[in-house]
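The file run32.csv comes next; it holds CSV, C-alpha atoms and all ligand atoms.
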```csv
chain,number,residue,atom,x,y,z
H,106,MET,CA,15.3,1.9,85.5
H,107,THR,CA,13.3,2.4,82.3
H,108,ASP,CA,11.4,5.5,81.7
H,109,SER,CA,7.8,4.2,81.1
H,110,SER,CA,6.5,7.7,80.3
H,111,THR,CA,8.4,7.8,77.0
H,112,GLN,CA,9.0,4.1,76.4
H,113,ASP,CA,5.4,3.3,75.4
H,114,VAL,CA,4.8,6.3,73.1
H,115,LEU,CA,3.7,5.1,69.7
H,116,LEU,CA,3.2,8.6,68.2
H,117,ARG,CA,4.6,11.8,69.4
H,118,ILE,CA,3.4,15.2,68.1
H,119,THR,CA,5.5,18.2,68.9
H,120,HIS,CA,4.7,21.9,68.3
H,121,LEU,CA,2.6,21.0,65.3
H,122,GLN,CA,1.4,23.9,63.1
H,123,LYS,CA,-0.9,24.1,60.2
H,124,HIS,CA,-2.0,27.3,58.5
H,125,PHE,CA,-4.4,27.7,55.6
H,126,GLY,CA,-3.5,31.2,54.4
H,127,GLY,CA,-4.0,33.3,57.5
H,128,LEU,CA,-6.1,30.7,59.3
H,129,HIS,CA,-4.2,28.9,62.1
H,130,VAL,CA,-5.9,25.5,62.1
H,131,THR,CA,-3.3,23.7,64.2
H,132,ASN,CA,-1.6,25.9,66.6
H,133,ASP,CA,1.5,24.5,68.5
H,134,VAL,CA,-0.1,21.1,69.4
H,135,THR,CA,2.1,18.8,71.4
H,136,LEU,CA,0.6,15.4,72.2
H,137,ASP,CA,1.7,11.8,72.8
H,138,MET,CA,-0.3,8.8,71.8
H,139,ARG,CA,0.7,6.1,74.3
H,140,ALA,CA,0.5,2.4,73.3
H,141,GLY,CA,-2.5,0.3,74.3
H,142,ILE,CA,-4.8,3.1,75.4
H,143,VAL,CA,-7.7,5.1,74.0
H,144,THR,CA,-7.1,8.8,73.6
H,145,THR,CA,-10.3,10.8,72.8
H,146,LEU,CA,-10.1,14.1,70.9
H,147,VAL,CA,-12.9,16.4,71.8
H,148,GLY,CA,-13.7,20.0,71.0
H,149,PRO,CA,-16.2,22.1,69.1
H,150,ASN,CA,-16.8,21.9,65.4
H,151,GLY,CA,-14.0,23.5,63.5
H,152,ALA,CA,-11.5,23.0,66.4
H,153,GLY,CA,-9.0,21.2,64.1
H,154,LYS,CA,-9.6,17.6,65.1
H,155,THR,CA,-9.9,16.1,61.6
H,156,THR,CA,-7.0,18.3,60.4
H,157,LEU,CA,-4.9,16.7,63.2
H,158,PHE,CA,-5.7,13.3,61.7
H,159,ASN,CA,-4.9,14.5,58.2
H,160,LEU,CA,-1.5,15.8,59.4
H,161,ILE,CA,-0.7,12.5,61.1
H,162,THR,CA,-1.7,10.3,58.2
H,163,GLY,CA,0.1,12.5,55.6
H,164,HIS,CA,-3.0,13.7,53.9
H,165,LEU,CA,-1.9,17.2,54.8
H,166,THR,CA,1.7,18.5,55.3
H,167,PRO,CA,2.4,20.4,58.5
H,168,SER,CA,3.5,24.1,58.3
H,169,GLY,CA,5.8,23.4,61.3
H,170,GLY,CA,6.6,21.0,64.2
H,171,ASP,CA,7.2,17.3,64.0
H,172,ILE,CA,5.4,14.0,64.1
H,173,LEU,CA,7.3,11.0,65.3
H,174,TRP,CA,6.2,7.4,64.8
H,175,GLN,CA,8.0,5.1,67.2
H,176,GLY,CA,10.7,7.7,67.5
H,177,GLU,CA,11.2,8.4,63.7
H,178,SER,CA,9.9,11.5,61.9
H,179,ILE,CA,7.2,10.8,59.4
H,180,VAL,CA,6.6,14.4,58.2
H,181,GLY,CA,6.7,14.7,54.5
H,182,GLN,CA,6.1,11.0,53.8
H,183,PRO,CA,3.2,10.0,51.5
H,184,HIS,CA,0.0,8.8,53.2
H,185,TRP,CA,0.3,5.2,51.8
H,186,LYS,CA,3.8,4.9,53.4
H,187,ILE,CA,2.5,6.1,56.7
H,188,ALA,CA,-0.4,3.6,56.5
H,189,ARG,CA,2.1,0.8,55.8
H,190,LYS,CA,3.9,1.6,59.0
H,191,GLY,CA,0.8,0.8,60.9
H,192,VAL,CA,-1.4,3.9,61.1
H,193,ALA,CA,-5.0,3.3,59.9
H,194,ARG,CA,-7.9,5.7,59.9
H,195,THR,CA,-11.6,6.0,59.2
H,196,PHE,CA,-13.1,9.1,57.6
H,197,GLN,CA,-16.0,11.3,58.8
H,198,ASP,CA,-17.6,10.7,55.4
H,199,LEU,CA,-16.7,6.9,55.5
H,200,ARG,CA,-15.3,6.6,51.9
H,201,LEU,CA,-16.5,3.1,51.4
H,202,PHE,CA,-16.4,1.5,47.9
H,203,ASP,CA,-20.1,2.0,47.3
H,204,GLN,CA,-20.4,-0.3,44.3
H,205,MET,CA,-18.6,-3.2,46.0
H,206,THR,CA,-20.2,-5.7,48.3
H,207,VAL,CA,-19.7,-5.6,52.1
H,208,TYR,CA,-17.4,-8.6,51.8
H,209,GLU,CA,-15.3,-7.0,49.0
H,210,ASN,CA,-15.0,-3.8,51.0
H,211,VAL,CA,-13.3,-5.7,53.8
H,212,LEU,CA,-11.4,-8.1,51.7
H,213,THR,CA,-9.6,-5.3,49.8
H,214,VAL,CA,-8.1,-4.1,53.1
H,215,THR,CA,-6.4,-7.5,53.9
H,216,GLU,CA,-3.0,-7.9,52.3
H,217,PRO,CA,-2.3,-11.2,50.4
H,218,VAL,CA,0.5,-13.0,52.1
H,219,SER,CA,1.5,-14.7,48.8
H,220,TRP,CA,0.1,-15.1,45.3
H,221,LEU,CA,-2.2,-18.1,44.5
H,222,TRP,CA,0.5,-19.8,42.4
H,223,GLN,CA,3.1,-19.5,45.2
H,224,PRO,CA,3.6,-22.1,47.9
H,225,GLY,CA,0.9,-21.4,50.6
H,226,GLY,CA,-1.1,-19.2,48.2
H,227,ARG,CA,-4.3,-21.2,48.5
H,228,THR,CA,-4.2,-21.6,52.2
H,229,GLY,CA,-3.3,-17.9,52.4
H,230,ARG,CA,-6.4,-17.0,50.4
H,231,LYS,CA,-8.6,-19.2,52.6
H,232,ALA,CA,-7.2,-17.5,55.7
H,233,ARG,CA,-8.0,-14.1,54.3
H,234,GLN,CA,-11.6,-15.2,53.5
H,235,ASP,CA,-12.0,-16.6,57.0
H,236,LYS,CA,-10.7,-13.5,58.6
H,237,VAL,CA,-13.1,-11.3,56.6
H,238,MET,CA,-16.1,-13.5,57.5
H,239,HIS,CA,-15.1,-13.5,61.2
H,240,ILE,CA,-15.0,-9.7,61.2
H,241,LEU,CA,-18.3,-9.5,59.4
H,242,GLU,CA,-19.8,-11.8,62.1
H,243,ARG,CA,-18.4,-9.6,64.9
H,244,THR,CA,-19.7,-6.4,63.3
H,245,ARG,CA,-23.1,-8.2,62.6
H,246,LEU,CA,-22.8,-7.7,58.9
H,247,ALA,CA,-22.4,-11.4,57.9
H,248,ASP,CA,-25.9,-11.7,56.5
H,249,LYS,CA,-25.2,-8.6,54.4
H,250,ALA,CA,-21.9,-9.9,53.0
H,251,ASN,CA,-23.1,-9.9,49.4
H,252,VAL,CA,-25.0,-6.5,49.6
H,253,ARG,CA,-23.4,-3.5,47.9
H,254,ALA,CA,-22.2,-0.9,50.4
H,255,ILE,CA,-24.4,1.7,48.8
H,256,ASP,CA,-27.5,-0.3,49.7
H,257,LEU,CA,-26.7,-0.5,53.5
H,258,ALA,CA,-28.5,1.4,56.2
H,259,TYR,CA,-26.7,4.3,57.9
H,260,ALA,CA,-25.6,2.3,61.0
H,261,GLU,CA,-24.5,-0.7,58.8
H,262,ARG,CA,-22.3,1.7,56.8
H,263,LYS,CA,-20.7,2.9,60.1
H,264,PHE,CA,-20.0,-0.7,61.1
H,265,LEU,CA,-18.6,-1.5,57.6
H,266,SER,CA,-16.1,1.3,58.1
H,267,LEU,CA,-15.1,-0.2,61.5
H,268,ALA,CA,-14.9,-3.7,59.9
H,269,ARG,CA,-12.5,-2.3,57.3
H,270,ILE,CA,-10.1,-1.0,60.0
H,271,MET,CA,-10.5,-4.2,62.0
H,272,ALA,CA,-9.2,-6.1,58.9
H,273,THR,CA,-5.9,-4.1,58.9
H,274,ASP,CA,-3.0,-5.1,61.1
H,275,ALA,CA,-2.5,-1.4,62.1
H,276,LYS,CA,-1.1,-0.6,65.5
H,277,LEU,CA,-2.7,2.8,65.7
H,278,TRP,CA,-6.4,3.5,64.7
H,279,LEU,CA,-7.5,7.0,64.1
H,280,LEU,CA,-11.3,7.0,64.2
H,281,ASP,CA,-13.1,10.2,63.0
H,282,GLU,CA,-16.6,10.3,64.6
H,283,PRO,CA,-17.2,6.6,64.0
H,284,ALA,CA,-20.2,6.4,66.2
H,285,SER,CA,-22.0,9.6,65.3
H,286,GLY,CA,-25.7,9.2,64.7
H,287,LEU,CA,-25.8,5.6,66.0
H,288,ASP,CA,-28.7,4.6,68.3
H,289,ARG,CA,-27.9,3.3,71.8
H,290,GLY,CA,-28.0,-0.4,70.9
H,291,SER,CA,-25.6,0.2,68.0
H,292,TYR,CA,-23.1,2.3,70.0
H,293,GLU,CA,-23.0,-0.3,72.8
H,294,LEU,CA,-22.0,-2.9,70.3
H,295,PHE,CA,-19.5,-0.4,68.9
H,296,LEU,CA,-18.0,0.2,72.4
H,297,GLU,CA,-17.8,-3.6,73.0
H,298,LEU,CA,-15.9,-4.2,69.8
H,299,LEU,CA,-13.5,-1.3,70.4
H,300,ARG,CA,-12.8,-2.4,74.0
H,301,SER,CA,-12.0,-5.9,72.8
H,302,GLU,CA,-9.6,-4.6,70.1
H,303,VAL,CA,-7.8,-2.4,72.6
H,304,ARG,CA,-7.5,-5.4,74.9
H,305,ASN,CA,-5.9,-7.2,72.0
H,306,GLY,CA,-3.2,-4.5,71.7
H,307,VAL,CA,-4.6,-1.9,69.4
H,308,THR,CA,-4.0,1.8,70.2
H,309,VAL,CA,-6.9,4.1,69.4
H,310,CYS,CA,-7.3,7.9,69.0
H,311,ILE,CA,-11.0,8.7,68.5
H,312,ILE,CA,-12.8,11.9,67.7
H,313,GLU,CA,-16.2,11.7,69.5
H,314,HIS,CA,-19.0,14.0,70.6
H,315,ASN,CA,-21.3,11.6,72.4
H,316,LEU,CA,-20.5,12.0,76.1
H,317,ASP,CA,-21.7,8.4,76.9
H,318,ILE,CA,-19.2,7.1,74.4
H,319,VAL,CA,-16.5,9.5,75.6
H,320,ILE,CA,-17.0,8.4,79.2
H,321,GLY,CA,-17.3,4.7,78.2
H,322,ILE,CA,-14.1,4.4,76.2
H,323,SER,CA,-11.6,7.1,77.1
H,324,ASP,CA,-8.4,6.4,79.0
H,325,ARG,CA,-7.4,10.0,78.3
H,326,ILE,CA,-9.0,13.1,76.8
H,327,ALA,CA,-7.3,15.8,74.7
H,328,PHE,CA,-9.4,18.9,74.3
H,329,LEU,CA,-8.9,21.1,71.2
H,330,ASP,CA,-10.3,24.5,70.5
H,331,GLN,CA,-9.4,26.8,67.6
H,332,GLY,CA,-6.4,24.7,66.8
H,333,LYS,CA,-5.0,24.8,70.3
H,334,LEU,CA,-4.7,21.9,72.8
H,335,LEU,CA,-6.4,23.3,75.9
H,336,ALA,CA,-6.2,20.2,78.0
H,337,ASP,CA,-4.8,16.7,78.0
H,338,GLY,CA,-5.4,14.4,80.9
H,339,ASP,CA,-7.6,11.9,82.6
H,340,PRO,CA,-11.3,11.9,81.7
H,341,ASP,CA,-12.6,13.0,85.1
H,342,THR,CA,-10.4,16.1,85.2
H,343,VAL,CA,-11.0,17.2,81.7
H,344,LEU,CA,-14.8,16.5,81.7
H,345,ASN,CA,-15.3,18.3,85.0
H,346,ASP,CA,-13.4,21.5,84.0
H,347,PRO,CA,-16.0,24.2,83.9
H,348,HIS,CA,-13.9,26.4,81.5
H,349,LEU,CA,-13.8,23.6,78.9
H,350,ALA,CA,-17.5,22.7,79.4
H,351,ALA,CA,-18.4,26.4,78.7
H,352,ILE,CA,-16.5,26.2,75.4
H,353,TYR,CA,-17.9,22.8,74.4
H,354,PHE,CA,-21.5,23.3,75.4
H,355,GLY,CA,-21.5,26.9,74.3
H,356,ASP,CA,-20.8,25.6,70.8
H,357,GLN,CA,-23.4,22.8,71.0
H,358,ALA,CA,-26.0,25.3,72.1
H,359,ALA,CA,-25.2,27.6,69.2
S,401,LIG,N1,-8.2,22.2,53.2
S,401,LIG,C1,-8.6,23.3,54.0
S,401,LIG,N2,-8.5,24.6,53.5
S,401,LIG,C2,-8.9,25.6,54.3
S,401,LIG,N3,-9.4,25.5,55.5
S,401,LIG,C3,-9.6,24.2,56.0
S,401,LIG,C4,-9.2,23.1,55.3
S,401,LIG,N4,-9.4,22.0,56.0
S,401,LIG,C5,-10.0,22.4,57.2
S,401,LIG,N5,-10.1,23.8,57.2
S,401,LIG,C6,-10.6,24.6,58.3
S,401,LIG,O1,-9.9,24.2,59.4
S,401,LIG,C7,-10.7,24.3,60.6
S,401,LIG,C8,-10.7,23.0,61.3
S,401,LIG,O2,-11.4,22.1,60.5
S,401,LIG,P1,-11.5,20.5,61.0
S,401,LIG,O3,-10.1,20.0,61.3
S,401,LIG,O4,-12.3,19.8,59.9
S,401,LIG,O5,-12.3,20.7,62.4
S,401,LIG,P2,-13.1,19.6,63.2
S,401,LIG,O6,-12.8,18.2,62.7
S,401,LIG,O7,-12.6,19.8,64.6
S,401,LIG,O8,-14.5,19.9,63.2
S,401,LIG,C9,-12.1,24.8,60.0
S,401,LIG,O9,-12.2,26.1,60.2
S,401,LIG,C10,-12.0,24.4,58.6
S,401,LIG,O10,-12.9,25.2,57.8
S,402,MG,MG,-14.0,16.8,61.9
```
Target format structure tokens, applied to this file:
Amino acid sequence: MTDSSTQDVLLRITHLQKHFGGLHVTNDVTLDMRAGIVTTLVGPNGAGKTTLFNLITGHLTPSGGDILWQGESIVGQPHWKIARKGVARTFQDLRLFDQMTVYENVLTVTEPVSWLWQPGGRTGRKARQDKVMHILERTRLADKANVRAIDLAYAERKFLSLARIMATDAKLWLLDEPASGLDRGSYELFLELLRSEVRNGVTVCIIEHNLDIVIGISDRIAFLDQGKLLADGDPDTVLNDPHLAAIYFGDQAA
């Protein structure tokens, strides 16, 4: 008999610690990201959600604990090496190439299979171009393909950030508040796209505040507060926990 509880773990975080001087920003976090599901990270501002992403991606080095990617420790590896393994992320501040067009922003993410002068080079280039246009159509940016990223509206910039991650072949997507500030029509499109990617095999960890989105997308919710993982379970249980609601809405009301 196989042990399905460990077999499908893509990323395993154990007893992770991060201090900034005396500030304990990640405090003994142990969490698995299981393949094919959406794990949502929730918690008040300053809880340590973005820091957890930075630790996973190698943008920060942990003070203690371990991070295993498909069973192998990735702690201490540079962020580009971790990205190559199949971990992609979006940033809260998006970090688009503002002076490039929408099309170029997405094209730069796709890897050339071979150089133009090599056998298959030209068909490879055509396949990349078609892939980018298909993603721009799905994210409703096709008619903005030649517009510079800096000239896009707010929601369009959020979708461009999503389009860029869709163009990677990453197995795990870490999305840092990708839907914040979107109107209802936009976030319904966002949810539809995300669900379809998950059906196609992508594993997602998303930081999100909007409860409609949290309820609409989560297979599992991890609740962080002051660097500690206070809960990790099915959405109904976590969202109906009065202790967590007090922490969360206490912060929102502040
Ligand atoms: N590079 C840093 N140096 C010092 N403190 C930091 C740094 N990055 C984050 N912090 C602090 O860590 C805490 C958690 O931040 P963050 O992970 O961004 O929270 P969240 O994403 O949950 O809002 C905050 O108190 C923040 O000020
Ligand atoms: Mg954050």
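Across the structure, atom CA of H:Ile255 and atom CA of H:Phe202 are spaced 8.1 Å apart.
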Within 8 Å of ligand MG 402 (chain S), which residues show up when you count all atoms listed in the file? List them as a PyMOL selection string, please. chain H and resi 150-151+153-156+197+281-282+312
Among the residues H:Lys186, H:His124, H:Arg304, H:Arg117, the one that comes closest to ligand LIG 401 (chain S) [using only C-alpha atoms and all ligand atoms]: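 With only C-alpha atoms and all ligand atoms as the atom set, the closest residue is H:His124.
Of the listed residues H:Thr228, H:Thr195, H:Thr273, H:Ser178, the one whose atoms come nearest to H:Leu212 is H:Thr273, with distances taken using only C-alpha atoms.
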With distances taken over only C-alpha atoms, the candidate from H:Asn251, H:Asn132, H:Asn210, H:Asn305 nearest H:Leu267 is H:Asn210
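Here the question is which of H:Leu199, H:Leu279, H:Thr215, H:Arg300 gets nearest to H:Arg230 using only C-alpha atoms, and that residue is H:Thr215.
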Among the residues H:Pro283, H:Gly127, H:Pro183, H:Gly148, the one that comes closest to H:Lys333 [using only C-alpha atoms]: H:Gly148
The residue from H:Leu265, H:Ile326, H:Ala272, H:Leu115 with the smallest atom-to-atom distance to H:His239, counting only C-alpha atoms, is H:Ala272
Which distance in Å separates atom CA of H:Glu313 and atom CA of H:Val130, to one decimal? 18.7 Å
Who sits within 8 Å of stretch 257-261 of chain H, all atoms listed in the file, same chain under 5 positions skipped, as a PDB file with C-alpha atoms, in the coordinates of the input:
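Listed below is the output, part24.pdb:
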```
ATOM      1  CA  LEU H 246     -22.800  -7.700  58.900  1.00  0.00           C
ATOM      2  CA  VAL H 252     -25.000  -6.500  49.600  1.00  0.00           C
ATOM      3  CA  GLY H 286     -25.700   9.200  64.700  1.00  0.00           C
ATOM      4  CA  LEU H 287     -25.800   5.600  66.000  1.00  0.00           C
ATOM      5  CA  SER H 291     -25.600   0.200  68.000  1.00  0.00           C
TER       6      SER H 291
END
```
Contact residues around H:His348 with all atoms listed in the file at 12 Å, ignoring same-chain residues under 4 positions, as a list of chain:residue names: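 Neighbouring residues, sequence-local ones excluded: H:Phe328, H:Asp330, H:Leu335, H:Ala336, H:Thr342, H:Val343, H:Leu344, H:Ile352, H:Tyr353, H:Phe354, H:Gly355.
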So which residues touch H:Ala247 within 12 Å, counting only C-alpha atoms, skipping near sequence neighbours fewer than 2 positions away, as a list in words? Thr206, Val207, Tyr208, Val211, Asp235, Lys236, Val237, Met238, His239, Ile240, Leu241, Glu242, Arg243, Thr244, Arg245, Lys249, Ala250, Asn251, Val252, Glu261, Phe264, Leu265 and Ala268 of chain H
Let me see the file: selected residues, C-alpha atoms, as an mmCIF file, keeping the file's coordinate frame.
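Once everything was written out, this is again_39.cif:
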```
data_model
loop_
_atom_site.group_PDB
_atom_site.id
_atom_site.type_symbol
_atom_site.label_atom_id
_atom_site.label_comp_id
_atom_site.auth_asym_id
_atom_site.auth_seq_id
_atom_site.Cartn_x
_atom_site.Cartn_y
_atom_site.Cartn_z
ATOM 1 C CA THR H 206 -20.200 -5.700 48.300
ATOM 2 C CA VAL H 207 -19.700 -5.600 52.100
ATOM 3 C CA TYR H 208 -17.400 -8.600 51.800
ATOM 4 C CA VAL H 211 -13.300 -5.700 53.800
ATOM 5 C CA ASP H 235 -12.000 -16.600 57.000
ATOM 6 C CA LYS H 236 -10.700 -13.500 58.600
ATOM 7 C CA VAL H 237 -13.100 -11.300 56.600
ATOM 8 C CA MET H 238 -16.100 -13.500 57.500
ATOM 9 C CA HIS H 239 -15.100 -13.500 61.200
ATOM 10 C CA ILE H 240 -15.000 -9.700 61.200
ATOM 11 C CA LEU H 241 -18.300 -9.500 59.400
ATOM 12 C CA GLU H 242 -19.800 -11.800 62.100
ATOM 13 C CA ARG H 243 -18.400 -9.600 64.900
ATOM 14 C CA THR H 244 -19.700 -6.400 63.300
ATOM 15 C CA ARG H 245 -23.100 -8.200 62.600
ATOM 16 C CA LYS H 249 -25.200 -8.600 54.400
ATOM 17 C CA ALA H 250 -21.900 -9.900 53.000
ATOM 18 C CA ASN H 251 -23.100 -9.900 49.400
ATOM 19 C CA VAL H 252 -25.000 -6.500 49.600
ATOM 20 C CA GLU H 261 -24.500 -0.700 58.800
ATOM 21 C CA PHE H 264 -20.000 -0.700 61.100
ATOM 22 C CA LEU H 265 -18.600 -1.500 57.600
ATOM 23 C CA ALA H 268 -14.900 -3.700 59.900
#
```
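Of note, atom CA of H:Pro347 and atom CA of H:Thr144 are spaced 20.6 Å apart.
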Could you check which residues have any atom within 12 Å of (0.4, 13.7, 52.4), counting only C-alpha atoms with coordinates taken straight from the file, and then list them as an MDAnalysis selection string? chainID H and resid 156 158:167 179:188
Go ahead and save the picked residues with C-alpha atoms, as a PDB file, in the coordinates of the input.
```
ATOM      1  CA  THR H 156      -7.000  18.300  60.400  1.00  0.00           C
ATOM      2  CA  PHE H 158      -5.700  13.300  61.700  1.00  0.00           C
ATOM      3  CA  ASN H 159      -4.900  14.500  58.200  1.00  0.00           C
ATOM      4  CA  LEU H 160      -1.500  15.800  59.400  1.00  0.00           C
ATOM      5  CA  ILE H 161      -0.700  12.500  61.100  1.00  0.00           C
ATOM      6  CA  THR H 162      -1.700  10.300  58.200  1.00  0.00           C
ATOM      7  CA  GLY H 163       0.100  12.500  55.600  1.00  0.00           C
ATOM      8  CA  HIS H 164      -3.000  13.700  53.900  1.00  0.00           C
ATOM      9  CA  LEU H 165      -1.900  17.200  54.800  1.00  0.00           C
ATOM     10  CA  THR H 166       1.700  18.500  55.300  1.00  0.00           C
ATOM     11  CA  PRO H 167       2.400  20.400  58.500  1.00  0.00           C
ATOM     12  CA  ILE H 179       7.200  10.800  59.400  1.00  0.00           C
ATOM     13  CA  VAL H 180       6.600  14.400  58.200  1.00  0.00           C
ATOM     14  CA  GLY H 181       6.700  14.700  54.500  1.00  0.00           C
ATOM     15  CA  GLN H 182       6.100  11.000  53.800  1.00  0.00           C
ATOM     16  CA  PRO H 183       3.200  10.000  51.500  1.00  0.00           C
ATOM     17  CA  HIS H 184       0.000   8.800  53.200  1.00  0.00           C
ATOM     18  CA  TRP H 185       0.300   5.200  51.800  1.00  0.00           C
ATOM     19  CA  LYS H 186       3.800   4.900  53.400  1.00  0.00           C
ATOM     20  CA  ILE H 187       2.500   6.100  56.700  1.00  0.00           C
ATOM     21  CA  ALA H 188      -0.400   3.600  56.500  1.00  0.00           C
TER      22      ALA H 188
END
```
Env of H:Val143: 7 Å cut, atoms = only C-alpha atoms, seq-sep filter 3 positions within chain, self excluded. Answer as a ChimeraX atom specification. /H:308-310,322-325
Start from the incomplete input, build N, CA, C and O atoms for stretch 143-160 of chain H, and deliver everything as a CSV table (one decimal), in the frame of the given file.
```csv
chain,number,residue,atom,x,y,z
H,143,VAL,N,-6.8,4.4,74.9
H,143,VAL,CA,-7.7,5.1,74.0
H,143,VAL,C,-7.6,6.6,74.4
H,143,VAL,O,-7.9,7.0,75.5
H,144,THR,N,-7.2,7.4,73.4
H,144,THR,CA,-7.1,8.8,73.6
H,144,THR,C,-8.3,9.4,72.8
H,144,THR,O,-8.5,9.1,71.6
H,145,THR,N,-9.1,10.2,73.5
H,145,THR,CA,-10.3,10.8,72.8
H,145,THR,C,-10.0,12.3,72.5
H,145,THR,O,-9.6,13.0,73.4
H,146,LEU,N,-10.2,12.7,71.3
H,146,LEU,CA,-10.1,14.1,70.9
H,146,LEU,C,-11.5,14.7,70.9
H,146,LEU,O,-12.4,14.3,70.2
H,147,VAL,N,-11.7,15.7,71.8
H,147,VAL,CA,-12.9,16.4,71.8
H,147,VAL,C,-12.7,17.9,71.6
H,147,VAL,O,-11.6,18.4,71.7
H,148,GLY,N,-13.8,18.5,71.2
H,148,GLY,CA,-13.7,20.0,71.0
H,148,GLY,C,-14.8,20.3,70.0
H,148,GLY,O,-15.4,19.5,69.3
H,149,PRO,N,-15.2,21.6,70.0
H,149,PRO,CA,-16.2,22.1,69.1
H,149,PRO,C,-16.0,21.9,67.7
H,149,PRO,O,-14.8,21.6,67.3
H,150,ASN,N,-17.0,22.0,66.8
H,150,ASN,CA,-16.8,21.9,65.4
H,150,ASN,C,-15.9,22.9,64.9
H,150,ASN,O,-15.9,24.1,65.4
H,151,GLY,N,-15.0,22.5,64.0
H,151,GLY,CA,-14.0,23.5,63.5
H,151,GLY,C,-12.8,23.6,64.4
H,151,GLY,O,-11.9,24.5,64.1
H,152,ALA,N,-12.7,22.8,65.4
H,152,ALA,CA,-11.5,23.0,66.4
H,152,ALA,C,-10.2,22.5,65.8
H,152,ALA,O,-9.1,22.9,66.3
H,153,GLY,N,-10.3,21.7,64.7
H,153,GLY,CA,-9.0,21.2,64.1
H,153,GLY,C,-8.8,19.7,64.4
H,153,GLY,O,-7.7,19.3,64.1
H,154,LYS,N,-9.8,19.0,64.8
H,154,LYS,CA,-9.6,17.6,65.1
H,154,LYS,C,-9.3,16.7,63.8
H,154,LYS,O,-8.3,16.0,63.8
H,155,THR,N,-10.2,16.9,62.8
H,155,THR,CA,-9.9,16.1,61.6
H,155,THR,C,-8.6,16.5,60.9
H,155,THR,O,-7.9,15.7,60.4
H,156,THR,N,-8.3,17.8,61.0
H,156,THR,CA,-7.0,18.3,60.4
H,156,THR,C,-5.9,17.6,61.1
H,156,THR,O,-4.9,17.2,60.5
H,157,LEU,N,-5.9,17.4,62.4
H,157,LEU,CA,-4.9,16.7,63.2
H,157,LEU,C,-4.7,15.3,62.6
H,157,LEU,O,-3.5,14.9,62.4
H,158,PHE,N,-5.8,14.6,62.4
H,158,PHE,CA,-5.7,13.3,61.7
H,158,PHE,C,-5.0,13.4,60.4
H,158,PHE,O,-4.2,12.6,60.0
H,159,ASN,N,-5.5,14.4,59.6
H,159,ASN,CA,-4.9,14.5,58.2
H,159,ASN,C,-3.4,14.8,58.2
H,159,ASN,O,-2.7,14.3,57.4
H,160,LEU,N,-3.0,15.5,59.3
H,160,LEU,CA,-1.5,15.8,59.4
H,160,LEU,C,-0.8,14.5,59.8
H,160,LEU,O,0.3,14.2,59.2
```
